[in-house]
>>> print(open('structure_31.cif').read())   # mmCIF, N, CA and C atoms
data_protein
loop_
_atom_site.label_atom_id
_atom_site.label_comp_id
_atom_site.auth_asym_id
_atom_site.auth_seq_id
_atom_site.Cartn_x
_atom_site.Cartn_y
_atom_site.Cartn_z
N MET Y 1 -0.18 14.02 -13.51
CA MET Y 1 -1.42 13.58 -12.91
C MET Y 1 -1.12 12.58 -11.80
N ILE Y 2 -1.74 12.75 -10.67
CA ILE Y 2 -1.54 11.85 -9.54
C ILE Y 2 -2.33 10.57 -9.77
N PRO Y 3 -1.67 9.41 -9.67
CA PRO Y 3 -2.39 8.15 -9.90
C PRO Y 3 -3.43 7.88 -8.82
N ARG Y 4 -4.59 7.43 -9.25
CA ARG Y 4 -5.68 7.11 -8.32
C ARG Y 4 -5.75 5.60 -8.13
N ILE Y 5 -5.94 5.21 -6.88
CA ILE Y 5 -6.04 3.80 -6.53
C ILE Y 5 -7.49 3.36 -6.64
N ARG Y 6 -7.71 2.29 -7.39
CA ARG Y 6 -9.05 1.72 -7.55
C ARG Y 6 -9.34 0.66 -6.50
N LYS Y 7 -8.31 -0.11 -6.14
CA LYS Y 7 -8.47 -1.19 -5.17
C LYS Y 7 -7.24 -1.22 -4.28
N LEU Y 8 -7.45 -1.45 -3.00
CA LEU Y 8 -6.36 -1.51 -2.03
C LEU Y 8 -6.61 -2.66 -1.08
N GLU Y 9 -5.56 -3.45 -0.83
CA GLU Y 9 -5.71 -4.59 0.07
C GLU Y 9 -4.42 -4.78 0.86
N PRO Y 10 -4.50 -4.88 2.20
CA PRO Y 10 -3.31 -5.19 2.98
C PRO Y 10 -2.96 -6.67 2.85
N LEU Y 11 -1.68 -6.96 2.73
CA LEU Y 11 -1.19 -8.33 2.64
C LEU Y 11 -0.31 -8.63 3.84
N SER Y 12 0.19 -9.83 3.90
CA SER Y 12 1.10 -10.21 4.99
C SER Y 12 2.43 -9.46 4.85
N ASP Y 13 3.21 -9.48 5.90
CA ASP Y 13 4.55 -8.91 5.92
C ASP Y 13 4.58 -7.43 5.56
N TYR Y 14 3.56 -6.68 5.98
CA TYR Y 14 3.50 -5.23 5.81
C TYR Y 14 3.60 -4.81 4.34
N ARG Y 15 2.84 -5.50 3.50
CA ARG Y 15 2.78 -5.17 2.09
C ARG Y 15 1.36 -4.77 1.71
N LEU Y 16 1.26 -3.92 0.71
CA LEU Y 16 -0.03 -3.50 0.18
C LEU Y 16 -0.15 -3.93 -1.27
N PHE Y 17 -1.33 -4.40 -1.63
CA PHE Y 17 -1.65 -4.67 -3.03
C PHE Y 17 -2.54 -3.53 -3.49
N ALA Y 18 -2.15 -2.87 -4.58
CA ALA Y 18 -2.93 -1.75 -5.10
C ALA Y 18 -3.16 -1.91 -6.60
N VAL Y 19 -4.38 -1.57 -7.02
CA VAL Y 19 -4.72 -1.52 -8.43
C VAL Y 19 -5.08 -0.07 -8.72
N PHE Y 20 -4.49 0.50 -9.76
CA PHE Y 20 -4.71 1.89 -10.12
C PHE Y 20 -5.70 1.99 -11.27
N ASP Y 21 -6.24 3.18 -11.47
CA ASP Y 21 -7.23 3.40 -12.52
C ASP Y 21 -6.73 3.01 -13.91
N ASP Y 22 -5.41 3.12 -14.14
CA ASP Y 22 -4.87 2.76 -15.46
C ASP Y 22 -4.64 1.25 -15.59
N GLY Y 23 -5.00 0.48 -14.56
CA GLY Y 23 -4.86 -0.97 -14.61
C GLY Y 23 -3.57 -1.49 -14.00
N LYS Y 24 -2.62 -0.62 -13.72
CA LYS Y 24 -1.36 -1.06 -13.12
C LYS Y 24 -1.65 -1.66 -11.75
N GLN Y 25 -1.02 -2.83 -11.50
CA GLN Y 25 -1.15 -3.52 -10.22
C GLN Y 25 0.23 -3.61 -9.58
N VAL Y 26 0.32 -3.25 -8.31
CA VAL Y 26 1.61 -3.29 -7.63
C VAL Y 26 1.48 -3.88 -6.24
N ILE Y 27 2.60 -4.37 -5.76
CA ILE Y 27 2.78 -4.75 -4.37
C ILE Y 27 3.78 -3.75 -3.80
N TYR Y 28 3.39 -3.04 -2.76
CA TYR Y 28 4.26 -2.05 -2.13
C TYR Y 28 4.63 -2.55 -0.73
N ASP Y 29 5.92 -2.62 -0.45
CA ASP Y 29 6.42 -3.08 0.83
C ASP Y 29 6.57 -1.90 1.78
N VAL Y 30 5.76 -1.87 2.82
CA VAL Y 30 5.77 -0.76 3.78
C VAL Y 30 6.84 -0.96 4.85
N SER Y 31 7.46 -2.13 4.91
CA SER Y 31 8.42 -2.42 5.98
C SER Y 31 9.61 -1.47 5.98
N GLU Y 32 10.05 -1.00 4.83
CA GLU Y 32 11.15 -0.03 4.80
C GLU Y 32 10.72 1.29 5.45
N ASN Y 33 9.49 1.71 5.20
CA ASN Y 33 8.97 2.91 5.86
C ASN Y 33 8.94 2.71 7.37
N ILE Y 34 8.55 1.51 7.80
CA ILE Y 34 8.48 1.20 9.23
C ILE Y 34 9.86 1.34 9.87
N ARG Y 35 10.90 0.89 9.16
CA ARG Y 35 12.26 0.99 9.69
C ARG Y 35 12.79 2.41 9.70
N LYS Y 36 12.39 3.23 8.73
CA LYS Y 36 13.01 4.55 8.55
C LYS Y 36 12.21 5.73 9.11
N ILE Y 37 10.89 5.58 9.23
CA ILE Y 37 10.04 6.71 9.65
C ILE Y 37 9.44 6.37 11.02
N PRO Y 38 9.81 7.13 12.05
CA PRO Y 38 9.38 6.78 13.41
C PRO Y 38 7.88 6.56 13.58
N SER Y 39 7.04 7.40 13.00
CA SER Y 39 5.60 7.24 13.20
C SER Y 39 5.07 5.93 12.61
N TYR Y 40 5.73 5.40 11.60
CA TYR Y 40 5.31 4.15 10.98
C TYR Y 40 5.53 2.95 11.91
N GLY Y 41 6.35 3.11 12.94
CA GLY Y 41 6.61 2.04 13.88
C GLY Y 41 5.35 1.51 14.53
N LEU Y 42 4.34 2.36 14.63
CA LEU Y 42 3.07 1.91 15.22
C LEU Y 42 2.43 0.78 14.41
N LEU Y 43 2.70 0.74 13.11
CA LEU Y 43 2.13 -0.32 12.28
C LEU Y 43 2.63 -1.68 12.73
N GLU Y 44 3.82 -1.71 13.29
CA GLU Y 44 4.40 -2.94 13.80
C GLU Y 44 4.02 -3.16 15.28
N ASP Y 45 3.94 -2.07 16.02
CA ASP Y 45 3.74 -2.15 17.47
C ASP Y 45 2.29 -2.34 17.89
N VAL Y 46 1.34 -1.83 17.12
CA VAL Y 46 -0.07 -1.91 17.48
C VAL Y 46 -0.72 -3.07 16.71
N PRO Y 47 -1.08 -4.14 17.41
CA PRO Y 47 -1.67 -5.30 16.73
C PRO Y 47 -2.89 -4.92 15.89
N GLY Y 48 -2.89 -5.37 14.64
CA GLY Y 48 -4.03 -5.16 13.76
C GLY Y 48 -4.09 -3.81 13.06
N LEU Y 49 -3.24 -2.86 13.44
CA LEU Y 49 -3.31 -1.53 12.83
C LEU Y 49 -3.03 -1.56 11.34
N PHE Y 50 -2.02 -2.32 10.91
CA PHE Y 50 -1.67 -2.34 9.49
C PHE Y 50 -2.86 -2.76 8.63
N ARG Y 51 -3.61 -3.74 9.09
CA ARG Y 51 -4.76 -4.25 8.32
C ARG Y 51 -5.91 -3.26 8.25
N GLN Y 52 -5.85 -2.18 9.02
CA GLN Y 52 -6.91 -1.16 9.03
C GLN Y 52 -6.64 -0.05 8.02
N VAL Y 53 -5.74 -0.27 7.08
CA VAL Y 53 -5.42 0.74 6.08
C VAL Y 53 -6.68 1.19 5.34
N GLN Y 54 -6.75 2.48 5.03
CA GLN Y 54 -7.90 3.04 4.33
C GLN Y 54 -7.42 3.90 3.17
N LEU Y 55 -8.31 4.13 2.25
CA LEU Y 55 -8.06 4.97 1.09
C LEU Y 55 -8.84 6.26 1.27
N ASP Y 56 -8.19 7.41 1.06
CA ASP Y 56 -8.90 8.67 1.23
C ASP Y 56 -9.91 8.89 0.10
N GLN Y 57 -10.77 9.90 0.24
CA GLN Y 57 -11.84 10.13 -0.74
C GLN Y 57 -11.32 10.44 -2.13
N SER Y 58 -10.15 11.07 -2.23
CA SER Y 58 -9.59 11.40 -3.55
C SER Y 58 -8.94 10.19 -4.21
N ARG Y 59 -8.75 9.12 -3.45
CA ARG Y 59 -8.09 7.90 -3.89
C ARG Y 59 -6.63 8.14 -4.28
N THR Y 60 -6.01 9.16 -3.69
CA THR Y 60 -4.60 9.46 -3.97
C THR Y 60 -3.72 9.32 -2.73
N CYS Y 61 -4.28 8.79 -1.67
CA CYS Y 61 -3.51 8.63 -0.43
C CYS Y 61 -4.11 7.49 0.38
N VAL Y 62 -3.24 6.66 0.94
CA VAL Y 62 -3.70 5.65 1.88
C VAL Y 62 -3.26 6.09 3.26
N TYR Y 63 -4.02 5.69 4.28
CA TYR Y 63 -3.67 6.12 5.63
C TYR Y 63 -4.13 5.09 6.65
N TRP Y 64 -3.49 5.18 7.80
CA TRP Y 64 -3.84 4.32 8.93
C TRP Y 64 -4.40 5.15 10.08
N ASN Y 65 -3.85 6.31 10.29
CA ASN Y 65 -4.34 7.24 11.30
C ASN Y 65 -3.87 8.64 10.89
N GLU Y 66 -4.06 9.63 11.76
CA GLU Y 66 -3.71 11.01 11.40
C GLU Y 66 -2.21 11.23 11.25
N ASP Y 67 -1.39 10.29 11.73
CA ASP Y 67 0.06 10.44 11.65
C ASP Y 67 0.73 9.57 10.60
N ILE Y 68 0.02 8.60 10.08
CA ILE Y 68 0.63 7.65 9.15
C ILE Y 68 -0.17 7.62 7.85
N ASP Y 69 0.45 8.13 6.79
CA ASP Y 69 -0.18 8.08 5.47
C ASP Y 69 0.88 7.88 4.40
N LEU Y 70 0.44 7.54 3.21
CA LEU Y 70 1.33 7.22 2.11
C LEU Y 70 0.67 7.67 0.81
N PRO Y 71 1.33 8.55 0.04
CA PRO Y 71 0.72 9.02 -1.21
C PRO Y 71 0.71 7.94 -2.29
N SER Y 72 -0.31 7.99 -3.10
CA SER Y 72 -0.46 6.98 -4.15
C SER Y 72 0.68 7.01 -5.15
N ASP Y 73 1.26 8.18 -5.40
CA ASP Y 73 2.34 8.22 -6.39
C ASP Y 73 3.58 7.47 -5.90
N ALA Y 74 3.82 7.41 -4.59
CA ALA Y 74 4.93 6.63 -4.07
C ALA Y 74 4.66 5.14 -4.27
N ILE Y 75 3.43 4.72 -4.01
CA ILE Y 75 3.06 3.32 -4.21
C ILE Y 75 3.19 2.96 -5.68
N TYR Y 76 2.72 3.84 -6.54
CA TYR Y 76 2.76 3.62 -7.99
C TYR Y 76 4.19 3.50 -8.49
N GLU Y 77 5.05 4.41 -8.05
CA GLU Y 77 6.42 4.46 -8.56
C GLU Y 77 7.32 3.39 -7.97
N TYR Y 78 7.18 3.12 -6.67
CA TYR Y 78 8.12 2.23 -5.99
C TYR Y 78 7.59 0.84 -5.72
N GLY Y 79 6.33 0.59 -6.02
CA GLY Y 79 5.78 -0.75 -5.85
C GLY Y 79 6.30 -1.70 -6.91
N ILE Y 80 6.26 -2.98 -6.61
CA ILE Y 80 6.65 -4.01 -7.58
C ILE Y 80 5.46 -4.25 -8.50
N THR Y 81 5.66 -4.00 -9.79
CA THR Y 81 4.59 -4.12 -10.77
C THR Y 81 4.29 -5.57 -11.08
N LEU Y 82 3.01 -5.92 -11.03
CA LEU Y 82 2.55 -7.24 -11.43
C LEU Y 82 2.09 -7.17 -12.88
N ASP Y 83 2.02 -8.31 -13.54
CA ASP Y 83 1.53 -8.34 -14.91
C ASP Y 83 0.11 -7.82 -14.98
N LYS Y 84 -0.18 -7.03 -16.03
CA LYS Y 84 -1.55 -6.53 -16.22
C LYS Y 84 -2.50 -7.71 -16.36
N GLY Y 85 -3.64 -7.57 -15.71
CA GLY Y 85 -4.64 -8.62 -15.78
C GLY Y 85 -4.39 -9.74 -14.78
N GLU Y 86 -3.25 -9.72 -14.09
CA GLU Y 86 -2.93 -10.75 -13.11
C GLU Y 86 -3.88 -10.61 -11.93
N THR Y 87 -4.64 -11.65 -11.65
CA THR Y 87 -5.56 -11.60 -10.52
C THR Y 87 -5.05 -12.43 -9.36
N ASN Y 88 -4.09 -13.29 -9.62
CA ASN Y 88 -3.53 -14.12 -8.56
C ASN Y 88 -2.20 -13.52 -8.14
N TYR Y 89 -2.21 -12.73 -7.10
CA TYR Y 89 -0.99 -12.12 -6.63
C TYR Y 89 -0.39 -12.88 -5.47
N ALA Y 90 -0.82 -14.12 -5.26
CA ALA Y 90 -0.26 -14.96 -4.21
C ALA Y 90 1.22 -15.19 -4.46
N VAL Y 91 1.65 -15.13 -5.71
CA VAL Y 91 3.06 -15.28 -6.03
C VAL Y 91 3.88 -14.21 -5.30
N ALA Y 92 3.27 -13.08 -5.02
CA ALA Y 92 3.97 -12.01 -4.31
C ALA Y 92 3.92 -12.22 -2.80
N GLU Y 93 3.29 -13.28 -2.34
CA GLU Y 93 3.15 -13.55 -0.91
C GLU Y 93 4.40 -14.17 -0.30
N HIS Y 94 5.43 -14.45 -1.06
CA HIS Y 94 6.66 -15.11 -0.55
C HIS Y 94 7.25 -14.30 0.58
#
>>> encode(input="structure_31.cif", output="structure tokens")
Amino acid sequence: MIPRIRKLEPLSDYRLFAVFDDGKQVIYDVSENIRKIPSYGLLEDVPGLFRQVQLDQSRTCVYWNEDIDLPSDAIYEYGITLDKGETNYAVAEH
């Protein structure tokens, strides 16, 4: 089953905070994608684009434009897991 994102928030330093339907909370660092995937470079080059991240209707993909998207299962699997119930993720802001 593909994990569905319940809440999505862009953070500083090209990171995303995501909460999934099962309660798992993660911080996903997009900066590696920016370094490795050419189309992701726009997130760094276009001021404000990263903060315009959106969640698709199925809640299984985040996207910035027609060329830059990220499946929820990658965020779920490779994100840094926060403690369940943790509402203060500022600790991940380092």
>>> closest_residue(input="structure_31.cif", among="Y:Leu43, Y:Leu49, Y:Val19, Y:Ile2", to="Y:Asp73", atoms="only C-alpha atoms")
Y:Ile2
>>> atom_distance(input="structure_31.cif", atom1="atom CA of Y:Arg51", atom2="atom CA of Y:Asp83")
24.4 Å
>>> resolve_selection(input="structure_31.cif", expression="the PyMOL selection byres ((chain Y and resi 80) around 7)", output="number ranges by chain")
Y: 25-29, 75, 77-79, 81-82
>>> closest_residue(input="structure_31.cif", among="Y:Pro38, Y:Tyr14, Y:Ala74, Y:Asn33", to="Y:Thr60", atoms="only N, CA and C atoms")
Y:Ala74
>>> select_by_dssp(input="structure_31.cif", residues="stretch 18-55 of chain Y", states="strand (DSSP E)", output="list in words")
Ala18, Val19, Phe20, Gln25, Val26, Ile27, Tyr28, Asp29, Gln54 and Leu55 of chain Y
>>> write_last_selection(input="structure_31.cif", atoms="N, CA and C atoms", output="CSV table (one decimal), in the coordinates of the input")
chain,number,residue,atom,x,y,z
Y,18,ALA,N,-2.2,-2.9,-4.6
Y,18,ALA,CA,-2.9,-1.8,-5.1
Y,18,ALA,C,-3.2,-1.9,-6.6
Y,19,VAL,N,-4.4,-1.6,-7.0
Y,19,VAL,CA,-4.7,-1.5,-8.4
Y,19,VAL,C,-5.1,-0.1,-8.7
Y,20,PHE,N,-4.5,0.5,-9.8
Y,20,PHE,CA,-4.7,1.9,-10.1
Y,20,PHE,C,-5.7,2.0,-11.3
Y,25,GLN,N,-1.0,-2.8,-11.5
Y,25,GLN,CA,-1.2,-3.5,-10.2
Y,25,GLN,C,0.2,-3.6,-9.6
Y,26,VAL,N,0.3,-3.2,-8.3
Y,26,VAL,CA,1.6,-3.3,-7.6
Y,26,VAL,C,1.5,-3.9,-6.2
Y,27,ILE,N,2.6,-4.4,-5.8
Y,27,ILE,CA,2.8,-4.8,-4.4
Y,27,ILE,C,3.8,-3.8,-3.8
Y,28,TYR,N,3.4,-3.0,-2.8
Y,28,TYR,CA,4.3,-2.0,-2.1
Y,28,TYR,C,4.6,-2.6,-0.7
Y,29,ASP,N,5.9,-2.6,-0.4
Y,29,ASP,CA,6.4,-3.1,0.8
Y,29,ASP,C,6.6,-1.9,1.8
Y,54,GLN,N,-6.8,2.5,5.0
Y,54,GLN,CA,-7.9,3.0,4.3
Y,54,GLN,C,-7.4,3.9,3.2
Y,55,LEU,N,-8.3,4.1,2.2
Y,55,LEU,CA,-8.1,5.0,1.1
Y,55,LEU,C,-8.8,6.3,1.3
>>> atom_distance(input="structure_31.cif", atom1="atom CA of Y:Phe20", atom2="atom CA of Y:Gly48")
24.9 Å
>>> residues_around(input="structure_31.cif", residues="Y:Gln52", least_positions_apart="5", cutoff="8 Å", atoms="all atoms listed in the file", output="NGL selection string")
:Y and (10 or 47 or 63-65)
>>> atom_distance(input="structure_31.cif", atom1="atom CA of Y:Gly41", atom2="atom CA of Y:Lys24")
28.3 Å
>>> select_by_dssp(input="structure_31.cif", residues="chain Y", states="alpha helix (DSSP H)", output="list in words")
Ser31, Glu32, Asn33, Ile34, Arg35, Lys36, Leu42, Leu43, Glu44, Asp45, Ser72, Asp73, Ala74, Ile75, Tyr76, Glu77 and Tyr78 of chain Y
>>> residues_near_point(input="structure_31.cif", point="(-6.4, 11.4, 2.0)", cutoff="12 Å", atoms="only C-alpha atoms", output="PyMOL selection string")
chain Y and resi 4-5+53-72
>>> axis_aligned_box(input="structure_31.cif", around="stretch 48-57 of chain Y", padding_each_side="5 Å", output="lines of an AutoDock Vina configuration file")
center_x = -6.8
center_y = 2.5
center_z = 6.3
size_x = 20.2
size_y = 25.8
size_z = 26.8
